[in-house]
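Note: the block below is final01.tsv and it holds TSV, C-alpha atoms.
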```tsv
chain	number	residue	atom	x	y	z
Y	1	MET	CA	97.59	-10.89	14.84
Y	2	SER	CA	99.18	-13.37	12.47
Y	3	GLY	CA	96.27	-15.77	12.80
Y	4	LEU	CA	93.64	-13.30	11.59
Y	5	ARG	CA	92.12	-14.68	8.40
Y	6	ALA	CA	89.27	-13.45	6.21
Y	7	PRO	CA	88.64	-16.05	3.48
Y	8	GLY	CA	87.19	-14.60	0.29
Y	9	PHE	CA	87.89	-11.03	1.42
Y	10	PRO	CA	90.23	-8.62	-0.46
Y	11	GLU	CA	92.76	-8.76	2.38
Y	12	GLU	CA	95.77	-7.35	0.55
Y	13	GLU	CA	93.85	-4.33	-0.77
Y	14	ILE	CA	92.57	-3.53	2.73
Y	15	ARG	CA	96.02	-3.88	4.25
Y	16	ALA	CA	97.46	-1.57	1.58
Y	17	ARG	CA	94.87	1.07	2.46
Y	18	ALA	CA	95.63	0.63	6.14
Y	19	ARG	CA	99.27	1.44	5.36
Y	20	ASN	CA	98.81	4.15	2.72
Y	21	GLY	CA	95.57	5.93	3.59
Y	22	ALA	CA	94.00	8.07	0.86
Y	23	ALA	CA	96.69	7.09	-1.65
Y	24	GLY	CA	95.01	3.68	-1.76
Y	25	ALA	CA	92.17	5.20	-3.79
Y	26	PHE	CA	94.49	5.56	-6.80
Y	27	PRO	CA	96.85	3.44	-8.88
Y	28	PRO	CA	100.50	3.60	-7.77
Y	29	GLY	CA	101.84	7.10	-8.30
Y	30	ALA	CA	104.93	5.72	-10.01
Y	31	ASP	CA	102.69	4.41	-12.81
Y	32	TYR	CA	101.55	7.91	-13.79
Y	33	GLY	CA	102.67	8.70	-17.33
Y	34	HIS	CA	104.00	5.20	-17.88
Y	35	THR	CA	100.86	3.03	-17.82
Y	36	VAL	CA	97.68	3.21	-19.90
Y	37	PHE	CA	94.61	2.79	-17.72
Y	38	GLY	CA	91.13	1.68	-18.72
Y	39	ALA	CA	88.18	-0.39	-17.61
Y	40	ALA	CA	89.12	-3.74	-16.14
Y	41	PRO	CA	87.96	-6.70	-18.22
Y	42	ALA	CA	84.73	-8.34	-17.14
Y	43	PRO	CA	85.23	-11.38	-14.94
Y	44	PRO	CA	84.78	-14.70	-16.74
Y	45	VAL	CA	81.88	-15.62	-14.44
Y	46	ALA	CA	79.48	-12.91	-13.25
Y	47	SER	CA	79.32	-12.46	-9.48
Y	48	SER	CA	76.15	-13.55	-7.71
Y	49	ASP	CA	76.44	-10.42	-5.57
Y	50	PRO	CA	74.04	-7.71	-6.85
Y	51	LEU	CA	76.28	-4.94	-5.56
Y	52	ASP	CA	79.29	-6.33	-7.41
Y	53	ASN	CA	77.27	-6.45	-10.63
Y	54	ALA	CA	75.80	-2.94	-10.31
Y	55	ARG	CA	77.60	0.17	-11.56
Y	56	LEU	CA	77.30	3.81	-10.57
Y	57	ALA	CA	75.92	5.94	-13.42
Y	58	PRO	CA	76.65	9.69	-13.40
Y	59	PRO	CA	74.60	12.04	-15.63
Y	60	ILE	CA	75.87	14.93	-17.75
Y	61	PHE	CA	73.16	17.38	-16.63
Y	62	MET	CA	73.53	18.12	-12.91
Y	63	PRO	CA	71.08	20.68	-11.48
Y	64	GLU	CA	72.37	20.12	-7.95
Y	65	ARG	CA	75.87	21.03	-9.10
Y	66	LEU	CA	74.47	24.26	-10.54
Y	67	ALA	CA	72.74	25.00	-7.24
Y	68	LYS	CA	75.99	24.36	-5.38
Y	69	LEU	CA	77.86	26.64	-7.83
Y	70	VAL	CA	75.41	29.46	-7.10
Y	71	GLU	CA	75.70	28.84	-3.35
Y	72	LEU	CA	79.52	28.85	-3.37
Y	73	GLY	CA	80.10	31.46	-6.07
Y	74	ARG	CA	82.53	29.10	-7.81
Y	75	GLU	CA	82.64	25.72	-9.50
Y	76	PRO	CA	82.13	23.03	-6.84
Y	77	THR	CA	84.55	20.14	-6.42
Y	78	TYR	CA	84.49	16.82	-4.59
Y	79	GLY	CA	85.86	18.64	-1.54
Y	80	ASP	CA	82.46	20.32	-1.19
Y	81	VAL	CA	80.66	17.04	-0.52
Y	82	VAL	CA	79.50	17.08	3.11
Y	83	LEU	CA	79.62	13.58	4.60
Y	84	ASP	CA	78.40	14.42	8.14
Y	85	THR	CA	75.52	12.09	8.91
Y	86	VAL	CA	73.21	11.08	11.74
Y	87	ILE	CA	73.21	7.28	12.04
Y	88	GLY	CA	70.22	6.01	13.98
Y	89	GLY	CA	70.33	9.11	16.18
Y	90	LEU	CA	74.12	9.07	16.59
Y	91	PRO	CA	76.21	11.79	14.88
Y	92	SER	CA	79.03	10.62	12.61
Y	93	PRO	CA	81.56	12.47	10.42
Y	94	LEU	CA	80.67	10.21	7.49
Y	95	PRO	CA	78.03	7.55	6.77
Y	96	VAL	CA	80.10	4.75	8.30
Y	97	PHE	CA	79.98	2.88	11.60
Y	98	VAL	CA	82.02	0.02	13.02
Y	99	SER	CA	80.02	-3.20	13.02
Y	100	ALA	CA	79.67	-5.53	15.97
Y	101	LEU	CA	82.76	-7.03	17.54
Y	102	GLY	CA	81.46	-10.16	19.27
Y	103	SER	CA	82.83	-12.63	21.79
Y	104	THR	CA	85.36	-14.18	19.37
Y	105	GLU	CA	89.02	-14.48	20.30
Y	106	VAL	CA	89.96	-11.85	17.72
Y	107	ALA	CA	87.53	-9.26	19.09
Y	108	SER	CA	88.50	-10.09	22.68
Y	109	SER	CA	92.20	-9.44	22.07
Y	110	GLU	CA	94.25	-6.24	22.06
Y	111	LEU	CA	93.38	-6.07	18.35
Y	112	GLY	CA	89.73	-5.59	19.29
Y	113	LEU	CA	90.55	-2.87	21.80
Y	114	ALA	CA	92.80	-1.08	19.29
Y	115	THR	CA	89.93	-1.11	16.77
Y	116	ILE	CA	87.59	0.35	19.39
Y	117	ARG	CA	90.06	3.13	20.26
Y	118	GLN	CA	90.58	4.12	16.63
Y	119	ALA	CA	86.82	4.14	15.99
Y	120	ALA	CA	86.46	6.59	18.90
Y	121	ARG	CA	89.28	8.79	17.58
Y	122	LEU	CA	87.46	8.97	14.26
Y	123	GLY	CA	84.10	9.67	15.91
Y	124	LEU	CA	82.52	6.64	14.23
Y	125	PRO	CA	79.62	4.98	16.08
Y	126	LEU	CA	80.66	1.60	17.46
Y	127	VAL	CA	78.49	-1.50	17.79
Y	128	VAL	CA	79.46	-3.89	20.59
Y	129	GLY	CA	78.38	-7.38	19.63
Y	130	GLU	CA	76.11	-9.85	21.34
Y	131	ASN	CA	77.32	-12.68	23.59
Y	132	VAL	CA	80.02	-10.50	25.18
Y	133	GLY	CA	78.14	-9.91	28.42
Y	134	SER	CA	76.36	-13.24	28.57
Y	135	VAL	CA	79.45	-15.35	27.78
Y	136	ASN	CA	82.33	-13.36	29.29
Y	137	GLY	CA	80.56	-11.04	31.71
Y	138	CYS	CA	80.21	-7.29	31.97
Y	139	ARG	CA	83.43	-6.89	33.98
Y	140	PRO	CA	86.37	-9.19	34.69
Y	141	THR	CA	86.06	-10.83	38.10
Y	142	GLY	CA	89.07	-12.75	39.39
Y	143	PRO	CA	90.53	-15.53	37.22
Y	144	GLY	CA	88.78	-15.82	33.91
Y	145	PRO	CA	88.33	-13.74	30.75
Y	146	ALA	CA	90.74	-10.88	30.14
Y	147	PRO	CA	89.29	-7.35	30.40
Y	148	ALA	CA	89.16	-7.01	26.61
Y	149	ALA	CA	86.81	-9.98	26.49
Y	150	THR	CA	84.22	-8.38	28.76
Y	151	LEU	CA	81.64	-5.74	27.93
Y	152	LEU	CA	82.18	-2.62	30.03
Y	153	PRO	CA	85.97	-2.34	29.46
Y	154	ARG	CA	85.23	-2.13	25.73
Y	155	ILE	CA	82.79	0.73	26.28
Y	156	GLU	CA	85.23	2.46	28.64
Y	157	ALA	CA	88.04	2.15	26.06
Y	158	TYR	CA	85.83	3.87	23.49
Y	159	VAL	CA	84.68	6.65	25.81
Y	160	ALA	CA	88.28	7.37	26.90
Y	161	GLU	CA	89.25	8.21	23.30
Y	162	LEU	CA	86.04	9.98	22.26
Y	163	ARG	CA	86.37	13.67	21.39
Y	164	GLY	CA	84.04	16.22	19.86
Y	165	LYS	CA	80.42	15.91	18.88
Y	166	HIS	CA	80.56	12.69	16.85
Y	167	GLY	CA	80.27	9.06	17.87
Y	168	GLY	CA	78.28	6.78	20.13
Y	169	VAL	CA	78.03	3.20	21.35
Y	170	VAL	CA	75.43	0.64	20.31
Y	171	VAL	CA	75.08	-2.49	22.43
Y	172	GLN	CA	73.44	-5.55	20.92
Y	173	GLN	CA	71.24	-7.94	22.82
Y	174	ASN	CA	69.80	-11.23	21.68
Y	175	THR	CA	67.83	-13.93	23.44
Y	176	GLU	CA	70.69	-15.15	25.62
Y	177	ASP	CA	71.73	-11.60	26.55
Y	178	ALA	CA	68.18	-10.85	27.63
Y	179	ASP	CA	68.41	-13.72	30.12
Y	180	SER	CA	71.54	-12.05	31.53
Y	181	GLU	CA	69.80	-8.63	31.68
Y	182	VAL	CA	72.68	-6.97	29.83
Y	183	TRP	CA	70.75	-3.79	28.98
Y	184	ASN	CA	69.50	-3.39	32.55
Y	185	LEU	CA	73.05	-3.58	33.86
Y	186	LEU	CA	74.40	-1.12	31.30
Y	187	TYR	CA	71.61	1.42	31.69
Y	188	SER	CA	72.48	1.97	35.35
Y	189	ASP	CA	76.27	1.56	35.21
Y	190	PRO	CA	78.39	4.71	35.77
Y	191	ALA	CA	80.47	3.89	32.67
Y	192	THR	CA	77.53	4.58	30.36
Y	193	GLN	CA	76.04	7.68	31.97
Y	194	ASP	CA	77.89	10.27	29.88
Y	195	LEU	CA	76.81	8.50	26.72
Y	196	LEU	CA	73.18	8.37	27.86
Y	197	VAL	CA	73.11	12.01	28.95
Y	198	SER	CA	74.59	13.17	25.64
Y	199	GLY	CA	72.20	10.99	23.62
Y	200	ARG	CA	75.03	8.89	22.18
Y	201	MET	CA	74.01	5.41	23.27
Y	202	ALA	CA	71.75	2.92	21.54
Y	203	PHE	CA	70.51	-0.58	22.28
Y	204	GLU	CA	70.18	-2.92	19.31
Y	205	LEU	CA	67.79	-5.87	19.33
Y	206	LYS	CA	69.48	-8.58	17.31
Y	207	THR	CA	67.12	-10.90	15.44
Y	208	GLY	CA	69.79	-12.62	13.35
Y	209	GLN	CA	72.97	-12.13	11.33
Y	210	GLY	CA	74.32	-12.73	7.85
Y	211	ALA	CA	76.51	-15.71	8.72
Y	212	LYS	CA	73.66	-17.94	9.84
Y	213	PRO	CA	70.15	-16.51	9.40
Y	214	GLY	CA	67.61	-18.56	11.31
Y	215	LEU	CA	70.16	-19.99	13.75
Y	216	GLY	CA	71.28	-18.74	17.15
Y	217	GLY	CA	74.74	-17.84	18.32
Y	218	MET	CA	77.49	-20.44	17.96
Y	219	THR	CA	80.92	-20.44	19.52
Y	220	VAL	CA	83.66	-23.01	20.04
Y	221	LEU	CA	84.67	-23.57	23.67
Y	222	ASP	CA	87.18	-25.71	25.49
Y	223	ALA	CA	85.91	-28.28	27.97
Y	224	ALA	CA	86.23	-26.02	31.02
Y	225	ASP	CA	84.29	-23.11	29.51
Y	226	ALA	CA	81.70	-25.49	28.07
Y	227	ALA	CA	81.11	-26.97	31.51
Y	228	ARG	CA	80.70	-23.48	32.96
Y	229	VAL	CA	77.82	-22.58	30.60
Y	230	ALA	CA	76.33	-26.04	30.01
Y	231	GLY	CA	73.17	-25.24	31.93
Y	232	ARG	CA	72.26	-22.34	29.65
Y	233	TYR	CA	73.28	-23.52	26.19
Y	234	VAL	CA	73.33	-26.57	23.95
Y	235	ILE	CA	76.80	-28.18	24.13
Y	236	ASP	CA	77.51	-30.41	21.15
Y	237	THR	CA	80.42	-32.75	20.37
Y	238	ALA	CA	79.79	-32.40	16.62
Y	239	LEU	CA	83.30	-31.02	16.05
Y	240	GLY	CA	84.70	-34.44	16.83
Y	241	THR	CA	86.99	-33.67	19.73
Y	242	GLY	CA	86.48	-33.17	23.42
Y	243	ALA	CA	88.94	-30.26	23.36
Y	244	ALA	CA	86.68	-28.19	21.06
Y	245	LEU	CA	82.97	-28.17	21.85
Y	246	LEU	CA	80.21	-26.40	19.96
Y	247	ARG	CA	78.09	-24.07	22.09
Y	248	SER	CA	74.74	-23.01	20.57
Y	249	SER	CA	71.95	-20.77	21.75
Y	250	SER	CA	68.33	-20.27	20.78
Y	251	PRO	CA	67.81	-17.89	17.85
Y	252	GLY	CA	64.72	-16.41	19.51
Y	253	THR	CA	61.18	-16.44	18.20
Y	254	PHE	CA	59.63	-13.47	16.40
Y	255	THR	CA	56.28	-12.57	14.95
Y	256	GLU	CA	55.24	-9.06	13.91
Y	257	GLU	CA	53.55	-8.53	17.27
Y	258	ILE	CA	56.48	-9.90	19.27
Y	259	LEU	CA	58.87	-7.53	17.46
Y	260	ARG	CA	56.56	-4.57	18.03
Y	261	GLN	CA	56.25	-5.36	21.72
Y	262	GLN	CA	60.01	-5.80	22.09
Y	263	ILE	CA	60.62	-2.35	20.63
Y	264	ARG	CA	57.93	-0.77	22.80
Y	265	LEU	CA	59.51	-2.36	25.85
Y	266	MET	CA	62.90	-0.92	24.86
Y	267	ARG	CA	61.47	2.56	24.38
Y	268	ASN	CA	59.61	2.44	27.70
Y	269	ASN	CA	62.38	0.88	29.81
Y	270	TYR	CA	65.36	2.74	28.32
Y	271	PRO	CA	64.02	6.14	27.26
Y	272	ARG	CA	67.47	7.76	26.99
Y	273	ALA	CA	68.84	5.10	24.62
Y	274	ARG	CA	68.21	4.98	20.90
Y	275	VAL	CA	66.53	1.83	19.57
Y	276	TRP	CA	68.13	-0.18	16.78
Y	277	VAL	CA	67.01	-3.50	15.30
Y	278	LYS	CA	69.33	-5.86	13.44
Y	279	LEU	CA	67.84	-8.07	10.73
Y	280	PRO	CA	69.33	-11.10	8.98
Y	281	PRO	CA	69.15	-11.43	5.16
Y	282	VAL	CA	65.69	-13.03	5.06
Y	283	ARG	CA	62.98	-13.12	2.43
Y	284	ASP	CA	60.58	-10.95	4.47
Y	285	VAL	CA	63.21	-8.32	5.29
Y	286	ARG	CA	60.95	-5.48	4.08
Y	287	ASP	CA	58.05	-6.54	6.31
Y	288	ALA	CA	60.40	-6.81	9.29
Y	289	ALA	CA	61.95	-3.39	8.63
Y	290	MET	CA	58.55	-1.73	8.25
Y	291	THR	CA	57.32	-3.37	11.45
Y	292	ALA	CA	60.38	-2.12	13.34
Y	293	TRP	CA	60.07	1.43	12.07
Y	294	SER	CA	56.34	1.61	12.73
Y	295	ALA	CA	57.00	0.53	16.34
Y	296	GLY	CA	59.48	3.37	16.79
Y	297	ALA	CA	62.92	1.97	15.96
Y	298	ASP	CA	65.51	4.67	15.20
Y	299	ALA	CA	67.43	2.41	12.81
Y	300	VAL	CA	67.26	-0.99	11.16
Y	301	THR	CA	70.53	-2.75	10.36
Y	302	VAL	CA	70.51	-5.23	7.50
Y	303	ASP	CA	73.26	-7.83	7.62
Y	304	GLY	CA	73.64	-9.26	4.13
Y	305	ALA	CA	74.72	-12.85	3.51
Y	306	GLU	CA	78.22	-11.46	2.86
Y	307	ALA	CA	78.38	-10.16	6.45
Y	308	GLY	CA	78.86	-11.88	9.76
Y	309	THR	CA	82.19	-13.10	11.05
Y	310	GLY	CA	80.70	-15.55	13.52
Y	311	TRP	CA	81.21	-19.29	13.55
Y	312	ALA	CA	78.68	-20.92	11.21
Y	313	PRO	CA	78.09	-24.18	9.30
Y	314	LEU	CA	79.61	-24.09	5.81
Y	315	SER	CA	76.24	-24.78	4.23
Y	316	PHE	CA	74.92	-21.53	5.72
Y	317	LEU	CA	77.90	-19.49	4.59
Y	318	GLN	CA	77.55	-20.80	1.04
Y	319	HIS	CA	73.83	-21.28	0.51
Y	320	VAL	CA	71.61	-19.52	3.08
Y	321	GLY	CA	70.51	-15.89	3.11
Y	322	LEU	CA	70.02	-13.11	0.55
Y	323	PRO	CA	72.87	-10.90	-0.70
Y	324	LEU	CA	72.92	-7.41	0.77
Y	325	GLY	CA	72.01	-5.80	-2.55
Y	326	GLU	CA	68.88	-7.94	-2.80
Y	327	CYS	CA	67.91	-7.05	0.78
Y	328	LEU	CA	68.17	-3.34	-0.01
Y	329	ALA	CA	66.20	-3.82	-3.22
Y	330	ARG	CA	63.43	-5.64	-1.32
Y	331	ILE	CA	63.19	-2.92	1.31
Y	332	GLY	CA	62.93	-0.38	-1.49
Y	333	PRO	CA	62.35	3.38	-1.19
Y	334	HIS	CA	61.70	4.60	2.35
Y	335	SER	CA	62.30	7.62	4.56
Y	336	SER	CA	63.65	5.82	7.63
Y	337	CYS	CA	67.19	4.86	8.67
Y	338	VAL	CA	68.52	1.59	7.26
Y	339	LEU	CA	72.12	0.55	7.87
Y	340	ALA	CA	73.90	-1.95	5.64
Y	341	SER	CA	76.78	-4.31	6.33
Y	342	GLY	CA	78.50	-6.97	4.28
Y	343	ARG	CA	81.94	-6.83	2.61
Y	344	MET	CA	82.33	-3.08	3.10
Y	345	TRP	CA	85.82	-1.74	2.63
Y	346	GLU	CA	85.88	0.71	-0.30
Y	347	GLY	CA	83.89	3.61	-1.65
Y	348	SER	CA	82.03	2.24	-4.65
Y	349	ARG	CA	80.26	-0.52	-2.72
Y	350	ALA	CA	79.39	1.90	0.05
Y	351	VAL	CA	78.00	4.52	-2.35
Y	352	LYS	CA	75.95	1.87	-4.18
Y	353	CYS	CA	74.35	0.97	-0.85
Y	354	LEU	CA	73.64	4.62	-0.11
Y	355	ALA	CA	72.04	5.04	-3.54
Y	356	LEU	CA	69.89	1.96	-2.88
Y	357	GLY	CA	68.49	3.52	0.29
Y	358	ALA	CA	71.02	2.91	3.06
Y	359	THR	CA	71.81	5.75	5.47
Y	360	ALA	CA	75.23	4.34	6.39
Y	361	VAL	CA	77.39	1.24	6.04
Y	362	GLY	CA	79.23	-0.86	8.59
Y	363	LEU	CA	82.91	-1.84	8.62
Y	364	GLY	CA	83.47	-5.25	10.20
Y	365	ARG	CA	86.23	-7.57	9.01
Y	366	ALA	CA	87.85	-4.70	7.11
Y	367	ALA	CA	88.27	-2.72	10.33
Y	368	LEU	CA	89.98	-5.62	12.08
Y	369	LEU	CA	92.28	-6.30	9.11
Y	370	ALA	CA	93.24	-2.63	8.92
Y	371	VAL	CA	94.15	-2.48	12.61
Y	372	ASP	CA	96.00	-5.77	12.37
Y	373	GLU	CA	98.12	-4.26	9.60
Y	374	ALA	CA	98.75	-0.94	11.39
Y	375	PRO	CA	97.86	-1.09	15.11
Y	376	GLN	CA	98.24	2.66	15.69
Y	377	ASP	CA	96.36	4.10	12.72
Y	378	GLY	CA	95.25	1.35	10.32
Y	379	LEU	CA	91.52	2.03	10.71
Y	380	VAL	CA	92.14	5.78	10.55
Y	381	ASN	CA	93.98	5.32	7.24
Y	382	LEU	CA	91.32	2.98	5.84
Y	383	VAL	CA	88.54	5.44	6.69
Y	384	GLU	CA	90.55	8.33	5.24
Y	385	CYS	CA	90.71	6.46	1.94
Y	386	LEU	CA	87.04	5.50	2.10
Y	387	ALA	CA	85.98	9.09	2.80
Y	388	LEU	CA	87.96	10.40	-0.18
Y	389	GLU	CA	86.43	7.79	-2.49
Y	390	MET	CA	82.94	8.61	-1.25
Y	391	ARG	CA	83.45	12.32	-1.91
Y	392	LEU	CA	84.82	11.63	-5.40
Y	393	LEU	CA	81.95	9.29	-6.31
Y	394	ILE	CA	79.13	11.38	-4.83
Y	395	SER	CA	80.44	14.50	-6.55
Y	396	ALA	CA	80.70	12.61	-9.85
Y	397	LEU	CA	77.01	11.78	-9.51
Y	398	GLY	CA	76.22	15.48	-9.20
Y	399	LYS	CA	75.29	15.32	-5.52
Y	400	TYR	CA	76.87	16.91	-2.45
Y	401	ALA	CA	75.51	14.89	0.44
Y	402	PRO	CA	75.00	11.12	0.89
Y	403	GLY	CA	71.29	11.58	1.54
Y	404	ARG	CA	70.79	13.04	-1.94
Y	405	LEU	CA	71.74	9.76	-3.67
Y	406	GLY	CA	68.95	7.70	-5.22
Y	407	LEU	CA	68.06	4.78	-7.46
Y	408	GLU	CA	68.80	6.85	-10.55
Y	409	ASP	CA	72.48	6.75	-9.60
Y	410	VAL	CA	72.80	2.95	-9.92
Y	411	TRP	CA	72.66	0.84	-13.06
Y	412	ALA	CA	71.92	-2.77	-12.39
Y	413	THR	CA	73.53	-5.08	-14.93
Y	414	ALA	CA	71.63	-8.11	-16.18
Y	415	GLY	CA	70.70	-10.42	-13.36
Y	416	SER	CA	72.05	-8.20	-10.59
Y	417	GLY	CA	68.68	-7.34	-9.07
Y	418	ALA	CA	70.15	-4.25	-7.42
Y	419	THR	CA	67.34	-1.94	-8.44
```
Give the structure from this file in structure tokens form.
Amino acid sequence: MSGLRAPGFPEEEIRARARNGAAGAFPPGADYGHTVFGAAPAPPVASSDPLDNARLAPPIFMPERLAKLVELGREPTYGDVVLDTVIGGLPSPLPVFVSALGSTEVASSELGLATIRQAARLGLPLVVGENVGSVNGCRPTGPGPAPAATLLPRIEAYVAELRGKHGGVVVQQNTEDADSEVWNLLYSDPATQDLLVSGRMAFELKTGQGAKPGLGGMTVLDAADAARVAGRYVIDTALGTGAALLRSSSPGTFTEEILRQQIRLMRNNYPRARVWVKLPPVRDVRDAAMTAWSAGADAVTVDGAEAGTGWAPLSFLQHVGLPLGECLARIGPHSSCVLASGRMWEGSRAVKCLALGATAVGLGRAALLAVDEAPQDGLVNLVECLALEMRLLISALGKYAPGRLGLEDVWATAGSGAT
């Protein structure tokens, strides 16, 4: 899709990985023997992103490597790192999932469906974003949104490509989706029954996102679509033209008790579905995560300020919300499942998040860019490269599984706040 843009994102690097796969983890092969490599010079202005500022710090003494040597009867290598992970109750071949694809034009196109199909081929858990059912419906009915824009065809596209023991579908719901009873419809629909029976479906309560913490969903509609939903949402002419209208929803209201009761309702009403909770990058992110886990949530997703592809005011994109690294630092050590998203596309950032306590990381914009570059296997190639980098980095830290990483593996440079 020529119109796909990701401002401030390393688009060319992602597209190269989508084309070249694991080779993207290395300098060009033609440079071997002809170029002297070393540490890149420090940027003239330090990044405000704690994860960018942090570095991974391997030790020389590695007792876990010795234990692996004894187990294998030989010197272990990066190929012995086992990446298989359970993500919020859903099995995955590596600690990666595909983040929410919402009701945007990009996600509703063939590009979105191609991303979903490749995620299924890889066995990566897939999150289906909010607003899809409430804005476009669960199934296409007569003239109106194309099938890719509606909810159940996305799930069916994933299930059709799913093979083996890995994978699962996570369906978000926010305040407006609750009014449309999206989860009730899905829980009884034939398209979801195999997922429910096999324990590979989750419902995610969305309390906010990185693009606009504290605000509700925002989309841009033409006059006809705006008229169709005017009774349920705020329709604003702030964009300055009648051909493009701003549609906004309520962000929902939460207290500790409201969140606890919401999770209990999910567990009682949908006993065969896993329970996820998505948090925005807010100052009380630790309190919210602990409340969710104590109420029985299987996973908490933290969307850093770098995450979120949704439409948002520029002031929010530039000045509102904590960086992902700060969110992970505030949550601190824990034994529950926390999932991290925000500018994920390569191994070092992912491994830093795992060392800071994340169980897995989410690919959002990077997944769409990869599939846009190579519609048949772009995401497959990107994940192949990511998996190789993760094995190399985890092995270099003297560990052989993502869950063994810890704070000792990350060095936070001055002002990064990562640990």
Using only C-alpha atoms, tabulate the residues of segment 285-305 of chain Y lying at most 10 Å from any atom of segment 355-362 of chain Y, each with its closest atom pair and that distance in Å to one decimal, by chain and increasing residue number, as a tab-separated table.
```
residue	atom	partner	partner_atom	distance
Y:Ala299	CA	Y:Thr359	CA	9.2
Y:Val300	CA	Y:Ala358	CA	9.7
Y:Thr301	CA	Y:Val361	CA	9.0
Y:Val302	CA	Y:Ala358	CA	9.3
Y:Asp303	CA	Y:Gly362	CA	9.2
```
A straight line from atom CA of Leu94 of chain Y to atom CA of His166 of chain Y spans 9.7 Å
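With all atoms listed in the file as the atoms that count, the residue of Y:Ile14, Y:Leu368, Y:Leu379, Y:Leu397 with the shortest distance to Asp409 of chain Y is Y:Leu397.
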**Distance query Val282 of chain Y at most 7 Å, only C-alpha atoms, self and fewer than 2 positions along chain excluded, as a list in words** =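 The residues that qualify are Pro280, Asp284, Val285, Gly321 and Leu322 of chain Y.
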Q.
Taking (95.1, 4.0, 14.5) in the coordinates of the supplied file, I want to know which residues reach to within 10 Å of it, counting all atoms listed in the file; could you give the answer as a PyMOL selection string?
A. chain Y and resi 18+114-119+121-122+370-371+374-382
Among Y:Trp293, Y:Tyr187, Y:Phe97, Y:Phe61, His334 of chain Y is approached most closely, using all atoms listed in the file, by Y:Trp293
Which one is closest to Leu386 of chain Y: Y:Leu339, Y:Ala22, Y:Leu195, Y:Met290? Count all atoms listed in the file.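 With all atoms listed in the file as the atom set, the closest residue is Y:Ala22.
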